[in-house]
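Participant: Sharing start_27.cif below, mmCIF, C-alpha atoms and all ligand atoms:
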data_run
#
loop_
_atom_site.label_atom_id
_atom_site.label_comp_id
_atom_site.auth_asym_id
_atom_site.auth_seq_id
_atom_site.Cartn_x
_atom_site.Cartn_y
_atom_site.Cartn_z
CA MET A 1049 30.28 32.75 22.00
CA GLY A 1050 30.76 30.00 19.44
CA ARG A 1051 28.22 28.41 17.16
CA PHE A 1052 27.59 24.68 16.80
CA SER A 1053 25.20 22.37 14.98
CA LYS A 1054 23.56 19.32 16.49
CA MET A 1055 23.47 16.57 13.84
CA HIS A 1056 23.03 12.83 13.71
CA GLY A 1057 23.37 9.83 11.43
CA LEU A 1058 20.79 7.18 12.39
CA GLY A 1059 20.68 8.53 15.94
CA ASN A 1060 24.48 8.46 16.40
CA ASP A 1061 24.64 12.11 17.46
CA PHE A 1062 27.22 14.85 17.10
CA VAL A 1063 28.04 18.37 18.19
CA VAL A 1064 29.65 19.83 15.06
CA ILE A 1065 31.79 22.97 15.44
CA ASP A 1066 33.17 25.03 12.57
CA ALA A 1067 36.71 25.79 13.75
CA ARG A 1068 38.11 26.86 10.38
CA ASP A 1069 39.07 30.23 11.88
CA GLY A 1070 41.10 28.39 14.56
CA ALA A 1071 39.13 30.03 17.39
CA VAL A 1072 38.26 26.85 19.33
CA GLU A 1073 40.99 25.09 21.23
CA MET A 1074 39.85 21.49 21.79
CA THR A 1075 41.24 19.29 24.54
CA ALA A 1076 40.15 15.85 25.74
CA ALA A 1077 38.67 17.38 28.91
CA ARG A 1078 36.72 20.03 26.97
CA ALA A 1079 35.39 17.49 24.45
CA GLN A 1080 34.28 15.22 27.32
CA ALA A 1081 32.53 18.13 29.08
CA ILE A 1082 30.67 19.21 25.91
CA ALA A 1083 29.62 15.59 25.21
CA ASP A 1084 28.23 15.11 28.74
CA ARG A 1085 24.46 14.49 28.40
CA HIS A 1086 23.68 15.94 31.85
CA ALA A 1087 26.16 18.79 32.38
CA GLY A 1088 27.06 19.60 28.74
CA ILE A 1089 25.37 19.70 25.32
CA GLY A 1090 25.42 15.93 24.88
CA CYS A 1091 26.62 13.78 21.99
CA ASP A 1092 28.30 10.48 21.12
CA GLN A 1093 31.09 12.32 19.26
CA LEU A 1094 32.27 15.91 19.00
CA ILE A 1095 33.27 16.92 15.45
CA LEU A 1096 35.66 19.78 14.79
CA ILE A 1097 35.68 21.06 11.21
CA GLY A 1098 38.96 22.78 10.35
CA ALA A 1099 40.84 24.28 7.42
CA SER A 1100 42.87 21.95 5.19
CA ASP A 1101 45.47 22.47 2.49
CA ARG A 1102 44.87 18.94 1.11
CA ALA A 1103 41.06 18.89 0.98
CA ASP A 1104 38.03 21.21 1.26
CA VAL A 1105 38.00 20.85 5.05
CA SER A 1106 39.53 18.72 7.80
CA MET A 1107 37.58 16.81 10.42
CA ARG A 1108 38.76 15.94 13.94
CA ILE A 1109 36.70 13.40 15.92
CA PHE A 1110 36.47 13.15 19.71
CA ASN A 1111 34.58 10.34 21.44
CA ALA A 1112 32.32 11.16 24.41
CA ASP A 1113 35.14 10.05 26.75
CA GLY A 1114 37.41 12.74 25.23
CA SER A 1115 39.63 10.39 23.20
CA GLU A 1116 40.54 11.69 19.72
CA VAL A 1117 40.07 9.06 17.00
CA GLU A 1118 40.71 8.54 13.32
CA ALA A 1119 37.32 7.87 11.70
CA CYS A 1120 33.56 8.24 12.13
CA GLY A 1121 31.32 7.05 9.31
CA ASN A 1122 28.06 8.63 10.47
CA ALA A 1123 29.69 12.02 11.09
CA THR A 1124 31.38 11.89 7.69
CA ARG A 1125 27.91 11.70 6.09
CA CYS A 1126 26.88 14.80 8.09
CA VAL A 1127 29.74 16.97 6.76
CA PRO A 1128 28.28 17.65 3.27
CA LEU A 1129 25.01 18.70 4.97
CA PHE A 1130 26.92 20.94 7.38
CA MET A 1131 28.90 22.53 4.53
CA GLY A 1132 25.93 22.67 2.12
CA ARG A 1133 27.87 20.96 -0.68
CA ASP A 1134 29.83 17.85 -1.67
CA VAL A 1135 33.19 17.81 0.12
CA LEU A 1136 36.60 16.18 0.20
CA ILE A 1137 37.42 15.74 3.90
CA GLU A 1138 40.89 15.32 5.43
CA THR A 1139 40.79 12.90 8.40
CA LYS A 1140 43.40 10.96 10.34
CA ALA A 1141 42.11 7.97 8.31
CA GLY A 1142 42.86 9.67 4.97
CA LEU A 1143 40.97 11.79 2.44
CA LEU A 1144 37.26 10.93 2.25
CA ASP A 1145 34.94 12.01 -0.58
CA ALA A 1146 31.40 12.72 0.70
CA LYS A 1147 28.47 13.54 -1.57
CA GLU A 1148 24.95 14.60 -0.69
CA VAL A 1149 22.21 12.19 -1.84
CA GLU A 1150 18.45 12.27 -1.23
CA GLY A 1151 18.00 12.19 2.59
CA GLY A 1152 21.67 11.83 3.43
CA ALA A 1153 25.07 11.22 1.93
CA SER A 1154 27.27 8.68 0.23
CA VAL A 1155 30.94 8.38 1.20
CA ASP A 1156 33.98 6.57 -0.13
CA MET A 1157 35.42 5.27 3.17
CA GLY A 1158 38.73 4.08 1.69
CA ARG A 1159 40.41 0.66 1.77
CA PRO A 1160 40.05 -1.68 4.76
CA ARG A 1161 43.16 -3.18 6.34
CA PHE A 1162 43.52 -6.69 7.75
CA ASP A 1163 47.15 -7.13 8.93
CA TRP A 1164 47.27 -7.84 12.68
CA ASP A 1165 49.53 -4.84 13.32
CA ALA A 1166 47.26 -2.54 11.27
CA ILE A 1167 44.20 -3.34 13.42
CA PRO A 1168 46.24 -3.08 15.75
CA LEU A 1169 46.43 -6.29 17.80
CA ALA A 1170 48.99 -6.87 20.55
CA TYR A 1171 50.50 -9.89 18.75
CA ALA A 1172 50.35 -11.68 15.40
CA MET A 1173 47.28 -13.75 14.50
CA ASP A 1174 44.90 -14.41 11.62
CA THR A 1175 42.34 -11.57 11.58
CA LEU A 1176 39.68 -13.40 9.51
CA THR A 1177 39.07 -16.04 12.18
CA MET A 1178 40.90 -14.85 15.27
CA GLN A 1179 42.30 -17.22 17.83
CA ALA A 1180 40.64 -15.35 20.65
CA SER A 1181 37.53 -16.04 22.65
CA TRP A 1182 35.29 -14.37 25.18
CA GLU A 1183 32.82 -16.65 26.98
CA ASP A 1184 30.37 -18.21 24.46
CA LEU A 1185 31.03 -15.79 21.61
CA PRO A 1186 32.22 -17.25 18.29
CA ALA A 1187 35.76 -16.55 16.99
CA PRO A 1188 35.68 -12.95 15.71
CA ALA A 1189 37.20 -11.15 12.72
CA ALA A 1190 39.11 -7.87 12.93
CA VAL A 1191 39.13 -5.06 10.36
CA ASN A 1192 40.61 -1.56 10.40
CA VAL A 1193 38.55 0.93 8.37
CA GLY A 1194 40.55 3.92 9.62
CA ASN A 1195 39.67 2.87 13.16
CA PRO A 1196 39.87 -0.58 14.80
CA HIS A 1197 36.93 -3.02 14.82
CA VAL A 1198 36.36 -6.55 16.03
CA ILE A 1199 33.29 -8.37 14.65
CA PHE A 1200 31.35 -11.30 16.11
CA PHE A 1201 28.85 -13.08 13.82
CA CYS A 1202 26.30 -14.42 16.32
CA ASP A 1203 23.48 -16.94 15.78
CA ASP A 1204 21.14 -15.01 18.10
CA LEU A 1205 22.03 -11.35 18.63
CA ASP A 1206 19.25 -10.90 21.18
CA ALA A 1207 20.83 -13.52 23.45
CA VAL A 1208 24.16 -11.62 23.76
CA ASP A 1209 24.69 -9.47 26.87
CA ILE A 1210 26.28 -6.59 24.93
CA PRO A 1211 26.35 -3.99 27.76
CA ARG A 1212 28.40 -6.43 29.88
CA LEU A 1213 30.65 -7.96 27.19
CA GLY A 1214 31.21 -4.77 25.14
CA PRO A 1215 33.43 -2.93 27.65
CA ILE A 1216 35.33 -6.11 28.58
CA ILE A 1217 36.31 -6.68 24.92
CA GLU A 1218 36.86 -2.94 24.19
CA ASN A 1219 39.50 -2.82 26.94
CA ASP A 1220 41.08 -6.27 26.44
CA PRO A 1221 44.92 -6.05 26.28
CA LEU A 1222 44.72 -7.82 22.87
CA PHE A 1223 43.74 -4.37 21.53
CA PRO A 1224 46.47 -1.87 22.48
CA GLU A 1225 44.42 1.08 21.14
CA ARG A 1226 41.13 -0.40 22.47
CA VAL A 1227 38.56 -1.47 19.88
CA ASN A 1228 35.02 -0.92 18.59
CA VAL A 1229 33.03 -4.11 19.24
CA ASN A 1230 30.50 -5.22 16.60
CA PHE A 1231 27.85 -7.89 17.27
CA ALA A 1232 26.23 -8.99 14.00
CA GLN A 1233 23.70 -11.54 12.80
CA VAL A 1234 22.92 -12.59 9.24
CA ALA A 1235 19.30 -11.47 8.65
CA GLY A 1236 18.83 -12.57 5.02
CA ASP A 1237 20.45 -12.33 1.59
CA ASN A 1238 22.80 -9.32 1.67
CA HIS A 1239 21.22 -8.23 4.96
CA LEU A 1240 22.91 -7.96 8.36
CA ARG A 1241 21.67 -6.89 11.78
CA LEU A 1242 24.29 -5.05 13.82
CA ILE A 1243 24.67 -3.62 17.33
CA VAL A 1244 27.89 -1.79 18.18
CA TRP A 1245 29.62 -1.14 21.47
CA GLU A 1246 31.75 1.84 20.45
CA ARG A 1247 35.21 2.50 21.82
CA GLY A 1248 34.98 5.64 23.96
CA ALA A 1249 31.21 6.04 23.61
CA GLY A 1250 29.56 2.74 24.57
CA LEU A 1251 26.30 1.57 22.99
CA THR A 1252 25.24 3.89 20.17
CA ARG A 1253 22.18 3.70 17.93
CA ALA A 1254 24.44 3.26 14.91
CA CYS A 1255 28.11 3.16 13.94
CA GLY A 1256 29.00 3.84 10.30
CA THR A 1257 32.53 2.49 10.45
CA GLY A 1258 31.17 -0.54 12.35
CA ALA A 1259 28.74 -1.19 9.50
CA CYS A 1260 31.61 -0.88 6.97
CA ALA A 1261 33.94 -3.19 8.94
CA THR A 1262 31.18 -5.76 9.50
CA ALA A 1263 30.12 -5.75 5.84
CA VAL A 1264 33.75 -6.27 4.77
CA ALA A 1265 34.17 -9.12 7.28
CA ALA A 1266 30.92 -10.74 6.03
CA ILE A 1267 32.21 -10.61 2.44
CA ARG A 1268 35.63 -11.99 3.46
CA ARG A 1269 33.90 -14.80 5.36
CA LYS A 1270 31.81 -15.47 2.19
CA LEU A 1271 28.56 -14.96 4.10
CA MET A 1272 27.32 -12.56 1.37
CA ILE A 1273 28.67 -10.60 -1.58
CA GLY A 1274 27.01 -7.18 -1.20
CA PRO A 1275 26.06 -4.45 -1.66
CA MET A 1276 24.19 -5.15 1.55
CA THR A 1277 21.79 -3.51 3.96
CA VAL A 1278 23.11 -3.21 7.51
CA SER A 1279 20.24 -2.69 9.98
CA LEU A 1280 21.28 -0.94 13.19
CA PRO A 1281 19.00 0.09 16.09
CA GLY A 1282 18.81 3.61 14.55
CA GLY A 1283 18.07 2.49 10.98
CA ASP A 1284 19.68 1.14 7.81
CA LEU A 1285 22.90 1.77 5.89
CA VAL A 1286 23.85 0.37 2.48
CA ILE A 1287 27.45 -0.82 2.25
CA GLY A 1288 29.29 -2.00 -0.86
CA TRP A 1289 32.83 -3.37 -1.18
CA THR A 1290 34.69 -5.59 -3.59
CA PRO A 1291 37.98 -7.15 -2.41
CA GLY A 1292 40.91 -4.86 -3.22
CA GLY A 1293 38.65 -1.83 -3.56
CA THR A 1294 37.33 0.95 -1.36
CA ILE A 1295 34.18 0.84 0.77
CA ARG A 1296 31.06 2.77 -0.28
CA MET A 1297 28.68 3.74 2.54
CA THR A 1298 25.30 5.38 1.83
CA GLY A 1299 22.69 6.45 4.37
CA PRO A 1300 20.82 9.19 6.20
CA ALA A 1301 22.24 12.33 7.79
CA THR A 1302 20.17 14.84 9.75
CA HIS A 1303 20.69 18.44 10.85
CA VAL A 1304 18.68 18.85 14.08
CA PHE A 1305 19.32 22.43 15.27
CA ASP A 1306 21.95 25.16 15.63
CA GLY A 1307 23.05 26.68 18.91
CA GLU A 1308 25.56 28.98 20.57
CA ALA A 1309 27.82 28.22 23.51
CA ASP A 1310 30.64 29.83 25.43
CA TRP A 1311 33.40 27.22 24.97
CA SER A 1312 35.45 28.73 27.84
CA ARG A 1313 32.77 27.40 30.25
CA PHE A 1314 33.60 23.80 29.32
N1 LIG A 1401 30.20 6.51 15.54
C1 LIG A 1401 31.28 6.43 14.65
C2 LIG A 1401 32.58 5.92 15.17
C3 LIG A 1401 33.20 6.90 16.18
C4 LIG A 1401 34.60 6.55 16.61
C5 LIG A 1401 34.73 5.25 17.35
N2 LIG A 1401 33.96 5.22 18.57
C6 LIG A 1401 36.20 4.96 17.64
O1 LIG A 1401 36.64 5.14 18.78
O2 LIG A 1401 36.92 4.55 16.72
C7 LIG A 1401 30.91 5.92 13.27
O3 LIG A 1401 29.77 6.21 12.83
O4 LIG A 1401 31.75 5.33 12.60
#
Is it possible to express this structure as structure tokens?
Ligand SMILES: N[C@@H](CCC[C@H](N)C(=O)O)C(=O)O

Facilitator:
Amino acid sequence: MGRFSKMHGLGNDFVVIDARDGAVEMTAARAQAIADRHAGIGCDQLILIGASDRADVSMRIFNADGSEVEACGNATRCVPLFMGRDVLIETKAGLLDAKEVEGGASVDMGRPRFDWDAIPLAYAMDTLTMQASWEDLPAPAAVNVGNPHVIFFCDDLDAVDIPRLGPIIENDPLFPERVNVNFAQVAGDNHLRLIVWERGAGLTRACGTGACATAVAAIRRKLMIGPMTVSLPGGDLVIGWTPGGTIRMTGPATHVFDGEADWSRF
């Protein structure tokens, strides 16, 4: 039997497994089976905490479809809660410093990247105002914050058919590694509304890296200067970034319950 914790950041939920002893062998099929909300435990992402010789711990991230990815902002805020202390975390997106704060955590999410081949896109183009269009959506921006994001600043978020457009854009050949699709609306001074269609997980209540990428794109587009509040369906994050610097994300993290499972059954 192996132990796990069920955690979430603004309703973006995780099964977190301590695999520092190397006892859990994770595959795409196993991650997908555990994440299944009907036949498994259920989560948007499965998080595997491992040993690291460069940081306090390492973190591997699997989407609900089994794909292993580089970054997850909401899960990164859960790690200090899971470990019971501030932690330096080794991820495929680099070393991330996560500190507990009242009700959650604050994380340095590193430097965003904007080159077309760093997103990555299939061919060269400006990533601040992309020459790409999908139906009536405005020209998007693209930002890599460890993982790839495309961001649409919409006049009326409620008028966008996100469940239909999200998967079309996620799987467009312009994005060779697929993409997380962010639909944002300016809601006030230093305030954005955001709904995210996540690569490999679909609509989630919140996406931390999506909030970071969208805040950075809003600052690059000179829509606001930050720090800003990003309001997602699951609640609010505060994101700060100054050009050339790293992104600071602060927000809630919640430990729901602990459980035991026989991983060989998945
Ligand atoms: N929910 C996460 C992002 C998880 C990974 C993403 N779906 C991807 O495929 O890159 C967050 O809070 O950032």

Participant: Rank A:Ile1199, A:Val1193, A:Leu1144, A:Ile1273 by their smallest atom-to-atom distance to ligand LIG 1401 (chain A), using only C-alpha atoms and all ligand atoms, and report the top residue only.

Facilitator: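 That would be A:Val1193, the residue with the smallest distance to ligand LIG 1401 (chain A).
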
Participant: For A:Leu1222, which residue out of A:Ala1190, A:Ala1112, A:Leu1058, A:Met1297 is the nearest one, using only C-alpha atoms?

Facilitator: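 Of A:Ala1190, A:Ala1112, A:Leu1058, A:Met1297, the one nearest A:Leu1222, counting only C-alpha atoms, is A:Ala1190.
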
Participant: In terms of the shortest atom-to-atom distance over only C-alpha atoms and all ligand atoms, which of A:Ala1263, A:Ile1109, A:Ala1076, A:Ala1170 is closest to ligand LIG 1401 (chain A)?

Facilitator: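 Ranked by minimum distance to ligand LIG 1401 (chain A), first place goes to A:Ile1109.
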
Participant: What does the distance between atom CA of A:Gly1059 and atom C1 of ligand LIG 1401 (chain A) come to in Å, to one decimal place?

Facilitator: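 A separation of 10.9 Å between them.
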
Participant: Just to confirm, what's the straight-line distance from atom CA of A:Cys1126 to atom CA of A:Gly1256 in Å (one decimal)?

Facilitator: 11.4 Å
